[in-house]
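**Student:** Got a structure for you, questions after.
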Amino acid sequence: MRYYVVSDIHGFYTELITTLEEKGFFADTQPHKLVICGDLFDRGKQALQLQKFILDLIEKDQVILIRGNHEDLFVDLLANWDKASYLHGYHNSNGTLDTVLQLTNSTFVELLEKNIEIFTKAKNSPFVNKILPLMKDYFETNNYIFVHGWIPCNQIQLYPYAKTHNRLVNWRNATKEQWDLARWTNGMEAAHDGIIEHNKTIVCGHWHTSFGHSFYEKKCSEFGADADFTPYYSKGIIAIDACTAYTRKINCLIIED
């Protein structure tokens, strides 16, 4: 099977289609699927177009969906929308609230006037009822493991910002809480702490690849004019998040496995 692998589309449908056209996804006559390593929405303005595209791929059995931390944010917002903080808190700053407006074809003013109606509509959207239920914590082939942030591991917070990561025995059977945390993990940091899977490569998104190129390879700045957002390769890992909201680019791997 041939896999076209992307991550962190964040509502940038046009950029996704452009990348897939360049990589030959639509012209490919061999068995192939698109693997999306999480974070479909919450930055760009094309949530409805992207939702329709994903639904079409589902009908054709051409997509494998990995759950990202922004999918978790969406579910959390739907569960807690009646709390006053949702209008001004992290759901607003992360773009989740805007995704609700896009998927329900609503405006912010309408949300203020008809919030029950709009959030009910969001709960009944194809994203919630057809796409989210198909999302996996991970997808595994003979040689690769596809995740959003990283595989679950024990994380110890060091002062003030750094973390250390310890291997979690039998991570494939991790709890929901452990997977929720794993989706927020910087996979490049975890891989360099030795949290890799022997004889396999973990493909991840979530964290901009310029971090690895800058911090570990010392080849560029993280967000300067020389920043490198191409895929980051190291032992046991390929990171692919191109920070699309910043670069307007999407990385796409083509993997035969």
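In the structure tokens, the first chain shown is A, the next is B, and so on; residue numbers restart at 1 for each chain, and ligands run from 1 in the order shown.
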Quick one: residues within 7 Å of Gly205 in chain A, only C-alpha atoms, excluding same-chain residues fewer than 3 positions away - as a PyMOL selection string?
**Tutor:** chain A and resi 7-8+37+148-149+239-241
**Student:** With all heavy atoms retained, export the selected residues as a short mmCIF file (atom, residue, chain, number, x, y, z; two decimals), in the first residue's frame.
**Tutor:**
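Result went into out.cif, see below:
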data_model
loop_
_atom_site.label_atom_id
_atom_site.label_comp_id
_atom_site.auth_asym_id
_atom_site.auth_seq_id
_atom_site.Cartn_x
_atom_site.Cartn_y
_atom_site.Cartn_z
N SER A 7 -0.07 16.19 8.03
CA SER A 7 -0.48 16.46 9.42
C SER A 7 -0.78 17.94 9.58
O SER A 7 -0.32 18.78 8.79
CB SER A 7 0.63 16.04 10.39
OG SER A 7 0.19 16.16 11.73
N ASP A 8 -1.57 18.26 10.61
CA ASP A 8 -1.78 19.64 11.02
C ASP A 8 -2.23 20.53 9.85
O ASP A 8 -1.63 21.57 9.57
CB ASP A 8 -0.51 20.19 11.67
CG ASP A 8 -0.15 19.44 12.93
OD1 ASP A 8 0.52 18.39 12.83
OD2 ASP A 8 -0.54 19.89 14.02
N CYS A 37 -2.32 12.93 10.22
CA CYS A 37 -1.88 12.76 11.60
C CYS A 37 -2.42 13.85 12.53
O CYS A 37 -1.69 14.44 13.33
CB CYS A 37 -0.35 12.72 11.66
SG CYS A 37 0.38 11.27 10.87
N HIS A 148 -0.07 11.65 16.37
CA HIS A 148 -0.11 13.11 16.28
C HIS A 148 1.11 13.72 16.98
O HIS A 148 2.01 14.22 16.33
CB HIS A 148 -1.39 13.66 16.88
CG HIS A 148 -1.45 15.15 16.81
ND1 HIS A 148 -1.45 15.84 15.62
CD2 HIS A 148 -1.45 16.11 17.78
CE1 HIS A 148 -1.47 17.14 15.85
NE2 HIS A 148 -1.46 17.33 17.16
N GLY A 149 1.12 13.68 18.31
CA GLY A 149 2.26 14.22 19.05
C GLY A 149 3.36 13.19 19.20
O GLY A 149 4.46 13.33 18.68
N ALA A 239 9.30 13.93 11.71
CA ALA A 239 8.32 14.94 12.10
C ALA A 239 7.93 15.75 10.87
O ALA A 239 8.80 16.11 10.07
CB ALA A 239 8.90 15.84 13.19
N ILE A 240 6.63 16.06 10.71
CA ILE A 240 6.20 16.66 9.44
C ILE A 240 5.36 17.93 9.58
O ILE A 240 4.91 18.46 8.56
CB ILE A 240 5.44 15.63 8.58
CG1 ILE A 240 4.17 15.15 9.28
CG2 ILE A 240 6.34 14.46 8.21
CD1 ILE A 240 3.28 14.27 8.39
N ASP A 241 5.13 18.43 10.77
CA ASP A 241 4.30 19.63 10.91
C ASP A 241 5.03 20.85 10.35
O ASP A 241 6.02 21.32 10.91
CB ASP A 241 3.94 19.86 12.38
CG ASP A 241 3.10 21.11 12.60
OD1 ASP A 241 2.66 21.70 11.59
OD2 ASP A 241 2.88 21.47 13.77
#
**Student:** Which polymer residues have any atom within 8 Å of an atom of Leu34 in chain A, counting only C-alpha atoms, with same-chain residues fewer than 6 positions away left out, as number ranges by chain?
**Tutor:** A: 3-6, 62-64
**Student:** Could you write out that same residue set with N, CA and C atoms as an mmCIF file, in the first residue's frame?
**Tutor:**
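Result file follows (selection_16.cif):
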data_model
loop_
_atom_site.group_PDB
_atom_site.id
_atom_site.type_symbol
_atom_site.label_atom_id
_atom_site.label_comp_id
_atom_site.auth_asym_id
_atom_site.auth_seq_id
_atom_site.Cartn_x
_atom_site.Cartn_y
_atom_site.Cartn_z
ATOM 1 N N TYR A 3 1.112 5.142 1.023
ATOM 2 C CA TYR A 3 0.507 6.103 1.930
ATOM 3 C C TYR A 3 1.047 7.507 1.650
ATOM 4 N N TYR A 4 0.134 8.443 1.483
ATOM 5 C CA TYR A 4 0.482 9.860 1.428
ATOM 6 C C TYR A 4 0.192 10.410 2.824
ATOM 7 N N VAL A 5 1.189 10.975 3.475
ATOM 8 C CA VAL A 5 1.066 11.309 4.894
ATOM 9 C C VAL A 5 1.207 12.811 5.105
ATOM 10 N N VAL A 6 0.195 13.400 5.739
ATOM 11 C CA VAL A 6 0.221 14.822 6.072
ATOM 12 C C VAL A 6 -0.200 14.984 7.532
ATOM 13 N N GLN A 62 -10.269 5.905 1.322
ATOM 14 C CA GLN A 62 -8.945 6.384 0.945
ATOM 15 C C GLN A 62 -8.287 7.232 2.028
ATOM 16 N N VAL A 63 -8.771 7.150 3.254
ATOM 17 C CA VAL A 63 -8.187 8.002 4.292
ATOM 18 C C VAL A 63 -8.067 7.246 5.607
ATOM 19 N N ILE A 64 -6.996 7.527 6.326
ATOM 20 C CA ILE A 64 -6.774 7.028 7.684
ATOM 21 C C ILE A 64 -6.587 8.253 8.562
#
**Student:** Considering only strand (DSSP E or B) as DSSP defines it on the backbone, what residues of range 27-206 of chain A qualify? List them as a PyMOL selection string.
**Tutor:** chain A and resi 32-36+63-66+136+139-140+144-146+154-157+163-166+201-204
**Student:** Among the residues of range 175-211 of chain A, find those DSSP assigns to alpha helix (DSSP H) from the backbone and print them as number ranges by chain.
**Tutor:** A: 176-182, 187-192, 210-211
**Student:** Do you have the CA of Trp179 in chain A-CA of Ile151 in chain A distance handy?
**Tutor:** 7.6 Å
**Student:** Just checking: using only C-alpha atoms, which residue out of A:Pro126, A:Pro231, A:Gly194, A:Pro133 ends up closest to Leu65 in chain A?
**Tutor:**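 Smallest separation from Leu65 in chain A among the options: A:Pro133.
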